[in-house]
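J.: My structure is in work_8.txt, and what it holds is compact mmCIF, C-alpha atoms:
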# COMPACT_ATOMS: atom_id res chain seq x y z
CA MET A 1 133.48 48.16 113.55
CA GLN A 2 137.01 48.72 114.76
CA ASN A 3 139.52 49.14 111.96
CA GLY A 4 142.65 47.29 113.00
CA THR A 5 145.01 48.79 110.47
CA GLY A 6 144.63 52.29 111.79
CA SER A 7 143.65 53.59 108.37
CA ARG A 8 140.04 54.37 107.72
CA THR A 9 140.52 53.86 103.99
CA ASP A 10 142.01 50.36 104.19
CA GLN A 11 138.81 48.44 104.81
CA PHE A 12 138.55 44.82 103.83
CA GLU A 13 135.90 44.45 101.13
CA LEU A 14 134.60 40.94 100.78
CA ALA A 15 131.52 39.68 98.97
CA GLY A 16 129.92 43.09 98.95
CA GLN A 17 130.48 43.74 102.65
CA LYS A 18 133.10 45.86 104.40
CA PHE A 19 135.07 44.63 107.37
CA GLY A 20 137.63 46.25 109.63
CA SER A 21 139.60 43.08 110.32
CA ARG A 22 141.43 41.01 107.72
CA LEU A 23 141.69 38.06 110.03
CA ILE A 24 139.01 35.38 109.80
CA VAL A 25 139.08 32.76 112.54
CA GLY A 26 137.70 29.28 112.93
CA THR A 27 135.90 27.94 115.95
CA GLY A 28 137.21 24.38 116.00
CA LYS A 29 139.58 22.60 118.39
CA TYR A 30 139.07 24.90 121.38
CA LYS A 31 138.82 23.60 124.93
CA ASP A 32 135.27 24.89 125.32
CA PHE A 33 132.87 27.59 124.15
CA ALA A 34 134.11 30.10 126.70
CA GLU A 35 137.66 29.85 125.41
CA THR A 36 136.40 30.06 121.82
CA LYS A 37 134.62 33.31 122.63
CA LEU A 38 137.62 34.86 124.36
CA ALA A 39 139.99 33.89 121.58
CA ILE A 40 137.74 35.35 118.90
CA GLU A 41 137.49 38.58 120.87
CA ALA A 42 141.26 38.75 121.27
CA SER A 43 141.74 38.16 117.54
CA GLY A 44 139.57 41.09 116.54
CA ALA A 45 138.03 38.93 113.86
CA GLU A 46 134.64 39.90 112.49
CA ILE A 47 134.08 36.81 110.37
CA VAL A 48 133.99 33.44 112.09
CA THR A 49 133.78 30.02 110.44
CA VAL A 50 131.62 27.22 111.79
CA ALA A 51 130.92 23.66 110.72
CA VAL A 52 127.52 22.14 109.96
CA ARG A 53 126.77 18.93 111.85
CA ARG A 54 123.86 16.84 113.04
CA VAL A 55 122.27 18.01 116.26
CA ASN A 56 122.70 15.64 119.13
CA ILE A 57 119.09 14.52 119.53
CA THR A 58 119.58 13.32 123.06
CA GLU A 59 121.37 16.45 124.26
CA ALA A 60 119.44 19.15 122.44
CA SER A 61 119.12 21.37 125.49
CA LYS A 62 122.91 21.79 125.83
CA PRO A 63 124.34 25.23 124.96
CA ASN A 64 124.99 25.90 121.31
CA LEU A 65 128.03 27.60 119.78
CA LEU A 66 125.88 30.50 118.61
CA ASP A 67 124.91 31.18 122.23
CA TYR A 68 128.55 32.27 122.65
CA ILE A 69 129.23 33.73 119.21
CA ASP A 70 126.41 36.15 118.48
CA PRO A 71 125.33 36.05 114.81
CA GLU A 72 124.19 39.66 115.21
CA VAL A 73 127.73 40.72 116.06
CA TYR A 74 129.79 38.39 113.87
CA GLN A 75 129.45 37.34 110.26
CA ILE A 76 129.02 33.58 110.59
CA LEU A 77 130.74 31.74 107.74
CA PRO A 78 129.57 28.12 107.52
CA ASN A 79 132.07 25.72 105.98
CA THR A 80 131.61 22.39 104.24
CA ALA A 81 134.42 20.72 106.15
CA GLY A 82 134.25 16.94 106.03
CA CYS A 83 132.56 16.89 102.62
CA TYR A 84 134.22 14.67 100.05
CA THR A 85 131.63 14.96 97.31
CA VAL A 86 130.02 17.74 95.34
CA GLU A 87 126.56 16.65 96.52
CA ASP A 88 127.47 16.70 100.20
CA ALA A 89 129.08 20.13 99.92
CA VAL A 90 126.10 21.58 98.07
CA ARG A 91 123.60 20.00 100.51
CA THR A 92 125.59 21.40 103.42
CA CYS A 93 125.55 24.91 101.98
CA ARG A 94 121.79 24.73 101.38
CA LEU A 95 121.25 23.64 104.98
CA ALA A 96 123.57 26.33 106.29
CA ARG A 97 121.72 29.02 104.39
CA GLU A 98 118.38 27.77 105.65
CA ALA A 99 119.68 27.87 109.22
CA GLY A 100 119.59 31.60 108.76
CA VAL A 101 123.08 33.09 108.81
CA GLY A 102 123.09 34.30 105.21
CA ASP A 103 124.43 33.01 101.93
CA LEU A 104 128.15 33.47 102.46
CA VAL A 105 129.76 30.02 102.54
CA LYS A 106 133.24 28.58 102.73
CA LEU A 107 133.36 25.74 100.23
CA GLU A 108 135.57 22.75 100.97
CA VAL A 109 135.46 19.56 98.97
CA ILE A 110 138.20 17.39 100.38
CA GLY A 111 140.12 15.00 98.17
CA ASP A 112 142.34 13.16 100.64
CA GLU A 113 141.87 12.19 104.28
CA ARG A 114 145.48 12.60 105.32
CA THR A 115 146.44 15.80 103.58
CA LEU A 116 142.91 17.28 103.58
CA PHE A 117 143.83 18.82 100.25
CA PRO A 118 140.90 19.93 98.14
CA ASP A 119 139.50 17.80 95.34
CA VAL A 120 140.04 20.45 92.71
CA PRO A 121 137.61 19.30 89.98
CA ALA A 122 134.91 18.71 92.59
CA THR A 123 135.51 22.13 94.09
CA LEU A 124 135.10 23.77 90.68
CA GLU A 125 131.89 21.83 90.05
CA ALA A 126 130.41 22.58 93.46
CA ALA A 127 131.32 26.26 93.16
CA ARG A 128 129.55 26.47 89.82
CA ILE A 129 126.36 24.96 91.27
CA LEU A 130 126.41 27.13 94.37
CA ILE A 131 127.01 30.36 92.46
CA LYS A 132 124.03 29.53 90.25
CA GLU A 133 121.92 29.10 93.40
CA GLY A 134 122.87 32.56 94.60
CA PHE A 135 125.48 31.72 97.20
CA ARG A 136 128.50 33.93 97.76
CA VAL A 137 131.24 31.32 97.59
CA LEU A 138 134.66 31.42 99.26
CA PRO A 139 136.43 28.30 98.01
CA TYR A 140 139.26 26.56 99.88
CA ILE A 141 141.68 25.56 97.15
CA THR A 142 145.26 24.64 96.33
CA ASP A 143 147.77 27.40 95.63
CA ASP A 144 147.45 26.81 91.91
CA PRO A 145 147.12 30.04 89.94
CA VAL A 146 145.20 28.41 87.09
CA THR A 147 142.50 27.05 89.38
CA CYS A 148 142.29 30.28 91.37
CA LEU A 149 141.68 32.20 88.17
CA LYS A 150 138.95 29.77 87.11
CA LEU A 151 137.21 30.14 90.45
CA ALA A 152 137.40 33.91 90.28
CA GLU A 153 136.13 34.05 86.71
CA MET A 154 133.16 31.81 87.44
CA GLY A 155 132.01 34.22 90.14
CA CYS A 156 133.48 33.21 93.50
CA ALA A 157 133.62 36.09 95.96
CA ALA A 158 137.24 35.34 96.83
CA VAL A 159 139.78 32.55 96.53
CA MET A 160 141.30 30.86 99.56
CA PRO A 161 144.55 29.14 98.61
CA LEU A 162 146.08 26.97 101.30
CA ALA A 163 149.46 27.90 102.71
CA ALA A 164 150.08 24.32 103.87
CA PRO A 165 147.91 21.39 105.00
CA ILE A 166 145.16 22.21 107.49
CA GLY A 167 146.53 22.22 111.02
CA SER A 168 150.12 21.59 109.89
CA GLY A 169 151.53 24.91 111.08
CA LEU A 170 154.04 24.86 108.22
CA GLY A 171 153.33 28.42 107.14
CA ILE A 172 153.49 29.72 103.56
CA ARG A 173 155.06 26.78 101.76
CA ASN A 174 154.97 28.32 98.31
CA PRO A 175 155.19 32.11 98.43
CA TYR A 176 156.07 32.15 94.71
CA ASN A 177 152.74 30.60 93.71
CA LEU A 178 150.98 32.96 96.08
CA ARG A 179 152.67 35.93 94.43
CA ILE A 180 151.48 34.76 91.01
CA ILE A 181 147.96 34.25 92.33
CA LEU A 182 148.04 37.76 93.79
CA GLU A 183 149.34 39.25 90.57
CA GLN A 184 146.53 37.68 88.57
CA ALA A 185 143.88 38.19 91.23
CA LYS A 186 140.44 39.40 90.20
CA VAL A 187 138.90 38.79 93.63
CA PRO A 188 140.29 38.98 97.18
CA VAL A 189 142.91 36.37 98.04
CA ILE A 190 142.55 34.97 101.53
CA VAL A 191 145.19 32.52 102.67
CA ASP A 192 143.51 29.61 104.39
CA ALA A 193 145.09 26.66 106.20
CA GLY A 194 148.54 25.86 107.45
CA VAL A 195 149.52 29.08 109.17
CA GLY A 196 151.58 28.32 112.29
CA THR A 197 152.43 31.55 114.03
CA ALA A 198 152.23 35.33 113.80
CA SER A 199 155.19 35.72 111.45
CA ASP A 200 153.43 33.45 108.93
CA ALA A 201 150.42 35.73 109.08
CA ALA A 202 152.59 38.79 108.61
CA GLU A 203 154.37 37.12 105.69
CA ALA A 204 151.10 36.45 103.91
CA MET A 205 149.95 40.02 104.38
CA GLU A 206 153.32 41.42 103.28
CA LEU A 207 153.01 39.47 100.03
CA GLY A 208 149.79 41.35 99.43
CA CYS A 209 147.10 38.94 100.56
CA ASP A 210 143.77 40.48 101.38
CA GLY A 211 143.14 38.36 104.43
CA LEU A 212 143.83 35.18 106.33
CA LEU A 213 141.80 32.38 107.84
CA ILE A 214 143.37 30.84 110.92
CA ASN A 215 142.05 28.16 113.23
CA SER A 216 144.51 25.52 114.48
CA ALA A 217 147.41 27.94 115.00
CA ILE A 218 145.29 29.80 117.54
CA ALA A 219 143.14 27.06 119.07
CA CYS A 220 146.00 24.59 119.51
CA ALA A 221 148.59 27.09 120.74
CA LYS A 222 149.71 26.73 124.35
CA ASP A 223 147.94 29.99 125.12
CA PRO A 224 145.18 30.43 122.54
CA ILE A 225 144.07 33.84 123.78
CA ALA A 226 147.60 35.23 123.58
CA MET A 227 148.12 33.67 120.15
CA ALA A 228 144.83 35.17 118.95
CA ARG A 229 146.13 38.58 119.87
CA ALA A 230 149.52 37.81 118.28
CA MET A 231 147.77 36.88 115.04
CA LYS A 232 145.73 40.07 115.14
CA LEU A 233 148.92 42.10 115.46
CA GLY A 234 150.75 39.98 112.88
CA VAL A 235 148.03 40.58 110.31
CA GLU A 236 147.99 44.30 111.06
CA ALA A 237 151.79 44.60 110.97
CA GLY A 238 152.00 42.68 107.71
CA ARG A 239 149.31 44.78 106.10
CA LEU A 240 150.90 48.05 107.23
CA ALA A 241 154.29 46.91 105.96
CA TYR A 242 152.78 45.98 102.62
CA LEU A 243 151.10 49.36 102.26
CA ALA A 244 154.23 51.17 103.47
CA GLY A 245 156.28 49.77 100.57
CA ARG A 246 159.35 47.83 101.71
CA ILE A 247 162.91 48.47 100.58
CA ASP A 248 164.43 46.33 97.86
CA ARG A 249 166.64 43.41 98.70
CA LYS A 250 170.24 44.23 97.79
CA LEU A 251 173.32 42.09 97.59
CA TYR A 252 175.66 44.75 98.97
CA ALA A 253 175.44 47.30 101.75
CA THR A 254 174.30 50.91 101.44
CA ALA A 255 175.42 52.83 104.52
CA SER A 256 172.81 54.29 106.80
CA SER A 257 175.11 56.91 108.36
CA PRO A 258 176.57 59.87 106.34
CA LEU A 259 179.96 59.44 104.65
CA SER A 260 180.90 63.10 105.16
CA GLY A 261 182.03 64.77 108.40
CA LEU A 262 184.08 61.84 109.57
CA ILE A 263 186.97 62.67 111.91
CA ASP A 264 190.44 61.54 110.92
CA MET B 1 110.11 20.61 96.07
CA ALA B 2 108.19 17.73 94.48
CA GLY B 3 105.72 16.09 96.80
CA MET B 4 105.53 19.05 99.19
CA ASP B 5 101.89 19.75 98.30
CA ASP B 6 101.01 16.13 98.94
CA ARG B 7 102.64 16.34 102.32
CA ARG B 8 100.71 19.46 103.21
CA ARG B 9 97.39 17.86 102.29
CA ALA B 10 98.08 14.66 104.21
CA MET B 11 95.85 14.06 107.18
CA THR B 12 97.57 13.94 110.52
CA ASN B 13 96.83 10.80 112.46
CA SER B 14 97.95 9.20 115.68
CA SER B 15 99.81 6.20 114.23
CA GLU B 16 103.50 5.47 114.62
CA ILE B 17 105.88 5.81 111.74
CA THR B 18 109.50 4.78 111.52
CA ILE B 19 111.95 7.15 109.97
CA GLN B 20 115.71 7.66 109.84
CA LEU B 21 116.65 10.64 111.97
CA ASN B 22 120.25 11.77 111.88
CA GLY B 23 121.36 8.35 110.77
CA GLU B 24 119.43 6.36 113.38
CA PRO B 25 116.00 4.71 113.28
CA TYR B 26 113.43 6.87 115.06
CA THR B 27 109.78 6.33 115.85
CA LEU B 28 107.55 9.30 115.22
CA ILE B 29 104.25 9.17 117.07
CA GLY B 30 101.26 11.32 116.30
CA ASP B 31 101.63 14.65 114.52
CA ALA B 32 104.31 14.13 111.87
CA ARG B 33 104.90 17.77 111.02
CA ILE B 34 108.52 18.93 111.15
CA GLY B 35 107.72 21.87 113.43
CA VAL B 36 106.19 19.50 115.96
CA LEU B 37 109.26 17.26 115.91
CA ILE B 38 111.56 20.24 116.42
CA GLU B 39 109.54 21.26 119.43
CA ARG B 40 109.37 17.73 120.80
CA LEU B 41 113.18 17.51 120.57
CA LYS B 42 113.41 20.86 122.38
CA LEU B 43 115.45 22.39 119.56
CA LYS B 44 115.60 26.12 118.88
CA ARG B 45 114.09 26.96 115.50
CA GLY B 46 116.59 29.72 114.88
CA ARG B 47 119.55 27.40 115.32
CA VAL B 48 118.76 24.39 113.13
CA ALA B 49 118.03 23.41 109.55
CA VAL B 50 116.18 20.36 108.25
CA GLU B 51 116.56 18.08 105.25
CA ILE B 52 114.22 15.29 104.14
CA ASN B 53 115.63 12.80 101.65
CA HIS B 54 118.45 15.14 100.69
CA ASN B 55 116.18 18.14 100.13
CA VAL B 56 116.27 21.15 102.45
CA VAL B 57 112.89 22.00 103.92
CA PRO B 58 112.44 25.77 104.27
CA LYS B 59 111.58 26.94 107.78
CA VAL B 60 108.40 28.55 106.57
CA ALA B 61 107.13 25.10 105.58
CA TRP B 62 107.91 23.37 108.89
CA ASP B 63 104.42 23.80 110.28
CA SER B 64 102.76 22.26 107.25
CA VAL B 65 105.15 19.66 105.83
CA GLU B 66 104.76 16.17 107.27
CA ILE B 67 107.43 13.53 107.56
CA ARG B 68 106.47 10.25 105.90
CA PRO B 69 107.34 6.66 106.84
CA GLY B 70 110.84 5.73 105.71
CA ASP B 71 111.94 9.34 105.25
CA LYS B 72 115.59 10.11 105.84
CA VAL B 73 115.59 13.23 108.01
CA GLU B 74 118.64 15.29 108.87
CA ILE B 75 118.52 18.03 111.49
CA VAL B 76 121.72 20.05 111.66
CA ASN B 77 123.15 22.95 113.55
CA PHE B 78 126.40 24.91 113.65
CA VAL B 79 129.33 23.63 115.69
CA GLY B 80 132.95 24.63 116.09
CA GLY B 81 135.03 24.20 112.95
CA GLY B 82 137.78 25.81 110.90
Rewrite the structure from the file as structure tokens, please.

T.:
Amino acid sequence: MQNGTGSRTDQFELAGQKFGSRLIVGTGKYKDFAETKLAIEASGAEIVTVAVRRVNITEASKPNLLDYIDPEVYQILPNTAGCYTVEDAVRTCRLAREAGVGDLVKLEVIGDERTLFPDVPATLEAARILIKEGFRVLPYITDDPVTCLKLAEMGCAAVMPLAAPIGSGLGIRNPYNLRIILEQAKVPVIVDAGVGTASDAAEAMELGCDGLLINSAIACAKDPIAMARAMKLGVEAGRLAYLAGRIDRKLYATASSPLSGLID
Amino acid sequence: MAGMDDRRRAMTNSSEITIQLNGEPYTLIGDARIGVLIERLKLKRGRVAVEINHNVVPKVAWDSVEIRPGDKVEIVNFVGGG
């Protein structure tokens, strides 16, 4: 797999697998399957989230998403979007696993229709059940360091704190919480939800995040394919900057040109 | 899953049964095995998963497990989502 950071040693290790790209993309809100496929290709993502929904009984012969996104090429990451209860989220994961794309799942238990913020106690409970059943769980969660630590310690494969509400495009609303989460992290930290543009992606990576999950910012951009590529570059730039070690922020200037040899 | 053995031993017959399929009433005629329903609906086995009464039915059991009258059946697949 292509390693986007340019460094062979900086692979993204997640749930026991190695990936070259730190950008995970969703497949929702696109114009059509063809656009979805092109955007994913432009993003360089290797992990792609999908939702689990009833088949349309009357239109079963229509093309399916996985006809465009090959499960042999991409790691398909089913989500439990739209689940408001522990039972629904757990049922959805069991169904997703049985559909045959593996046991890596993105857990979402939503607590509020308008904010789509997670129901934190329900997320903890569902994660516990799923881990016991052998799933590798990536939980969507608030940017609360205490909860992130609990999820990590119970055996989640990563934590996915939200930057801002899903689809809001507000970017990293609380970089200070994210820094604390990163400092205490025992598993990869993947920012999920709320990213708006490439600089948000770079910001998350510069803070030290291990990866990002982006859907709306790409799919709802004026030019999704171009934005997919911008996000790919933003993630790579942010990661490189993080590894390169930035300068400190100073109150006063330190000259960049020599003080000696000046004419007078 | 409890009751699976009973389902496997059940005789197939040609009567009609009414079930709930994806939230709607559905009449199942004849062979009530899941695998047969999947085929009848022209669904691809590799792309769907099935639940009966909130319990996932493993694919390996589709050709033996029968749907019973009043069962709540869910057949799902993957769609676009974030």

J.: Place a sphere of radius 8 Å on (124.8, 28.1, 105.5) in the file coordinates and name every protein, DNA or RNA residue with an atom inside or on its surface, counting only C-alpha atoms; give the answer as a PyMOL selection string.

T.: chain A and resi 52+77-79+92-105

J.: At a cut-off of 7 Å, can you tabulate as a Markdown table every residue of chain A near chain B together with its closest atom pair and the distance in Å to one decimal, using all atoms listed in the file and ordering rows by chain then number?

T.:
| residue | atom | partner | partner_atom | distance |
| --- | --- | --- | --- | --- |
| A:Gly26 | CA | B:Gly82 | CA | 4.0 |
| A:Thr27 | CA | B:Gly80 | CA | 4.4 |
| A:Gly28 | CA | B:Gly81 | CA | 3.8 |
| A:Thr49 | CA | B:Gly82 | CA | 5.8 |
| A:Val50 | CA | B:Gly81 | CA | 4.7 |
| A:Ala51 | CA | B:Gly81 | CA | 4.7 |
| A:Val52 | CA | B:Phe78 | CA | 4.7 |
| A:Arg53 | CA | B:Val76 | CA | 5.2 |
| A:Arg54 | CA | B:Val76 | CA | 4.1 |
| A:Val55 | CA | B:Val76 | CA | 5.1 |
| A:Ile57 | CA | B:Leu41 | CA | 6.7 |
| A:Ala60 | CA | B:Leu43 | CA | 5.9 |
| A:Ser61 | CA | B:Lys42 | CA | 6.5 |
| A:Leu65 | CA | B:Val79 | CA | 5.8 |
| A:Arg94 | CA | B:Val56 | CA | 6.7 |
| A:Leu95 | CA | B:Ala49 | CA | 5.6 |
| A:Glu98 | CA | B:Ala49 | CA | 5.9 |
| A:Ala99 | CA | B:Ala49 | CA | 4.8 |
| A:Asn215 | CA | B:Gly82 | CA | 5.4 |

J.: Go ahead and compute the interatomic distance for CA of Leu178 (chain A) and CA of Pro145 (chain A), in Å to one decimal.

T.: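 We find that CA of Leu178 (chain A) and CA of Pro145 (chain A) lie 7.8 Å from each other.
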
J.: Do you have the CA of Glu72 (chain A)-CA of Leu23 (chain A) distance handy?

T.: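 Interatomic distance, CA of Glu72 (chain A) to CA of Leu23 (chain A): 18.3 Å.
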
J.: Quick one: everything within 10 Å of region 136-140 of chain A, counting all atoms listed in the file, minus sequence neighbours fewer than 6 positions away in the same chain. Send it as JSON, numbers by chain.

T.: {"A": [14, 15, 16, 77, 79, 80, 81, 93, 102, 103, 104, 105, 106, 107, 108, 109, 110, 117, 118, 119, 120, 123, 124, 126, 127, 128, 130, 148, 151, 152, 155, 156, 157, 158, 159, 160, 161, 162, 188, 189, 190, 191, 192, 193]}

J.: Can you tell me which residues surround Ile47 (chain A) at a distance of at most 7 Å, considering only C-alpha atoms, apart from same-chain residues fewer than 2 positions away, and format the answer as a list in words?

T.: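 Returned residues: Ile24, Val25, Ala45, Thr49, Tyr74, Gln75, Ile76 and Leu77 of chain A.
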
J.: Could you please determine the separation between CA of Thr147 (chain A) and CA of Tyr176 (chain A) in Å, to one decimal place?

T.: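 That distance, rounded to one decimal, is 15.4 Å.
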
J.: Nearest residue to Met227 (chain A) out of A:Pro71, A:Gly245, A:Gly261, A:Gly196, using only C-alpha atoms?

T.: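 With only C-alpha atoms as the atom set, the closest residue is A:Gly196.
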
J.: If you count all atoms listed in the file, which residues fall within 9 Å of Gln20 (chain B), apart from same-chain ones fewer than 6 positions away, as a ChimeraX atom specification?

T.: /B:26-27,69-74

J.: Please provide as a PyMOL selection string all residues within 12 Å of region 233-240 of chain A, with the sequence filter that same-chain residues fewer than 3 positions apart are discarded (counting all atoms listed in the file).

T.: chain A and resi 3-7+10-12+20-24+42-45+190-191+195-214+226-230+243-246

J.: Could you give me, as a PyMOL selection string, the residues within 7 Å of Gly194 (chain A), counting only C-alpha atoms and dropping anything in the same chain fewer than 3 positions from it?

T.: chain A and resi 162-171

J.: Where atoms are absent from region 51-60 of chain B, fill them in so it carries all heavy atoms, then output it as a PDB file, in the coordinates of the input.

T.:
ATOM      1  N   GLU B  51     116.548  18.672 106.585  1.00  0.00           N
ATOM      2  CA  GLU B  51     116.560  18.080 105.250  1.00  0.00           C
ATOM      3  C   GLU B  51     115.713  16.817 105.302  1.00  0.00           C
ATOM      4  O   GLU B  51     115.797  16.063 106.277  1.00  0.00           O
ATOM      5  CB  GLU B  51     118.003  17.670 104.963  1.00  0.00           C
ATOM      6  CG  GLU B  51     118.506  17.833 103.571  1.00  0.00           C
ATOM      7  CD  GLU B  51     119.815  17.079 103.374  1.00  0.00           C
ATOM      8  OE1 GLU B  51     119.967  15.975 103.931  1.00  0.00           O
ATOM      9  OE2 GLU B  51     120.669  17.598 102.658  1.00  0.00           O
ATOM     10  N   ILE B  52     114.897  16.590 104.263  1.00  0.00           N
ATOM     11  CA  ILE B  52     114.220  15.290 104.140  1.00  0.00           C
ATOM     12  C   ILE B  52     114.640  14.697 102.806  1.00  0.00           C
ATOM     13  O   ILE B  52     114.473  15.329 101.762  1.00  0.00           O
ATOM     14  CB  ILE B  52     112.675  15.421 104.181  1.00  0.00           C
ATOM     15  CG1 ILE B  52     112.227  16.049 105.502  1.00  0.00           C
ATOM     16  CG2 ILE B  52     112.027  14.045 104.016  1.00  0.00           C
ATOM     17  CD1 ILE B  52     110.718  16.198 105.611  1.00  0.00           C
ATOM     18  N   ASN B  53     115.199  13.509 102.874  1.00  0.00           N
ATOM     19  CA  ASN B  53     115.630  12.800 101.650  1.00  0.00           C
ATOM     20  C   ASN B  53     116.480  13.686 100.746  1.00  0.00           C
ATOM     21  O   ASN B  53     116.251  13.816  99.556  1.00  0.00           O
ATOM     22  CB  ASN B  53     114.413  12.265 100.892  1.00  0.00           C
ATOM     23  CG  ASN B  53     113.593  11.301 101.726  1.00  0.00           C
ATOM     24  OD1 ASN B  53     114.116  10.642 102.631  1.00  0.00           O
ATOM     25  ND2 ASN B  53     112.296  11.226 101.456  1.00  0.00           N
ATOM     26  N   HIS B  54     117.448  14.315 101.372  1.00  0.00           N
ATOM     27  CA  HIS B  54     118.450  15.140 100.690  1.00  0.00           C
ATOM     28  C   HIS B  54     117.910  16.464 100.157  1.00  0.00           C
ATOM     29  O   HIS B  54     118.593  17.147  99.411  1.00  0.00           O
ATOM     30  CB  HIS B  54     119.142  14.374  99.545  1.00  0.00           C
ATOM     31  CG  HIS B  54     120.029  13.261 100.025  1.00  0.00           C
ATOM     32  ND1 HIS B  54     121.090  12.763  99.301  1.00  0.00           N
ATOM     33  CD2 HIS B  54     120.014  12.551 101.168  1.00  0.00           C
ATOM     34  CE1 HIS B  54     121.680  11.791  99.981  1.00  0.00           C
ATOM     35  NE2 HIS B  54     121.043  11.644 101.118  1.00  0.00           N
ATOM     36  N   ASN B  55     116.704  16.835 100.538  1.00  0.00           N
ATOM     37  CA  ASN B  55     116.180  18.140 100.130  1.00  0.00           C
ATOM     38  C   ASN B  55     115.939  19.013 101.360  1.00  0.00           C
ATOM     39  O   ASN B  55     115.240  18.604 102.296  1.00  0.00           O
ATOM     40  CB  ASN B  55     114.850  17.977  99.374  1.00  0.00           C
ATOM     41  CG  ASN B  55     115.064  17.344  98.020  1.00  0.00           C
ATOM     42  OD1 ASN B  55     115.830  17.836  97.198  1.00  0.00           O
ATOM     43  ND2 ASN B  55     114.406  16.219  97.788  1.00  0.00           N
ATOM     44  N   VAL B  56     116.472  20.222 101.333  1.00  0.00           N
ATOM     45  CA  VAL B  56     116.270  21.150 102.450  1.00  0.00           C
ATOM     46  C   VAL B  56     114.798  21.536 102.531  1.00  0.00           C
ATOM     47  O   VAL B  56     114.158  21.788 101.510  1.00  0.00           O
ATOM     48  CB  VAL B  56     117.120  22.426 102.249  1.00  0.00           C
ATOM     49  CG1 VAL B  56     116.745  23.489 103.254  1.00  0.00           C
ATOM     50  CG2 VAL B  56     118.582  22.094 102.366  1.00  0.00           C
ATOM     51  N   VAL B  57     114.272  21.560 103.732  1.00  0.00           N
ATOM     52  CA  VAL B  57     112.890  22.000 103.920  1.00  0.00           C
ATOM     53  C   VAL B  57     112.929  23.415 104.495  1.00  0.00           C
ATOM     54  O   VAL B  57     113.431  23.628 105.596  1.00  0.00           O
ATOM     55  CB  VAL B  57     112.133  21.072 104.901  1.00  0.00           C
ATOM     56  CG1 VAL B  57     110.684  21.509 105.012  1.00  0.00           C
ATOM     57  CG2 VAL B  57     112.237  19.632 104.438  1.00  0.00           C
ATOM     58  N   PRO B  58     112.419  24.397 103.759  1.00  0.00           N
ATOM     59  CA  PRO B  58     112.440  25.770 104.270  1.00  0.00           C
ATOM     60  C   PRO B  58     111.691  25.888 105.586  1.00  0.00           C
ATOM     61  O   PRO B  58     110.651  25.244 105.783  1.00  0.00           O
ATOM     62  CB  PRO B  58     111.734  26.579 103.176  1.00  0.00           C
ATOM     63  CG  PRO B  58     111.711  25.707 101.983  1.00  0.00           C
ATOM     64  CD  PRO B  58     111.767  24.302 102.444  1.00  0.00           C
ATOM     65  N   LYS B  59     112.206  26.753 106.470  1.00  0.00           N
ATOM     66  CA  LYS B  59     111.580  26.940 107.780  1.00  0.00           C
ATOM     67  C   LYS B  59     110.120  27.306 107.692  1.00  0.00           C
ATOM     68  O   LYS B  59     109.304  26.886 108.510  1.00  0.00           O
ATOM     69  CB  LYS B  59     112.320  28.051 108.538  1.00  0.00           C
ATOM     70  CG  LYS B  59     113.241  27.510 109.564  1.00  0.00           C
ATOM     71  CD  LYS B  59     113.904  28.581 110.385  1.00  0.00           C
ATOM     72  CE  LYS B  59     115.282  28.033 110.682  1.00  0.00           C
ATOM     73  NZ  LYS B  59     116.336  28.735 111.040  1.00  0.00           N
ATOM     74  N   VAL B  60     109.795  28.092 106.700  1.00  0.00           N
ATOM     75  CA  VAL B  60     108.400  28.550 106.570  1.00  0.00           C
ATOM     76  C   VAL B  60     107.438  27.384 106.326  1.00  0.00           C
ATOM     77  O   VAL B  60     106.247  27.507 106.546  1.00  0.00           O
ATOM     78  CB  VAL B  60     108.234  29.588 105.434  1.00  0.00           C
ATOM     79  CG1 VAL B  60     108.969  30.854 105.799  1.00  0.00           C
ATOM     80  CG2 VAL B  60     108.694  29.042 104.091  1.00  0.00           C
TER      81      VAL B  60
END
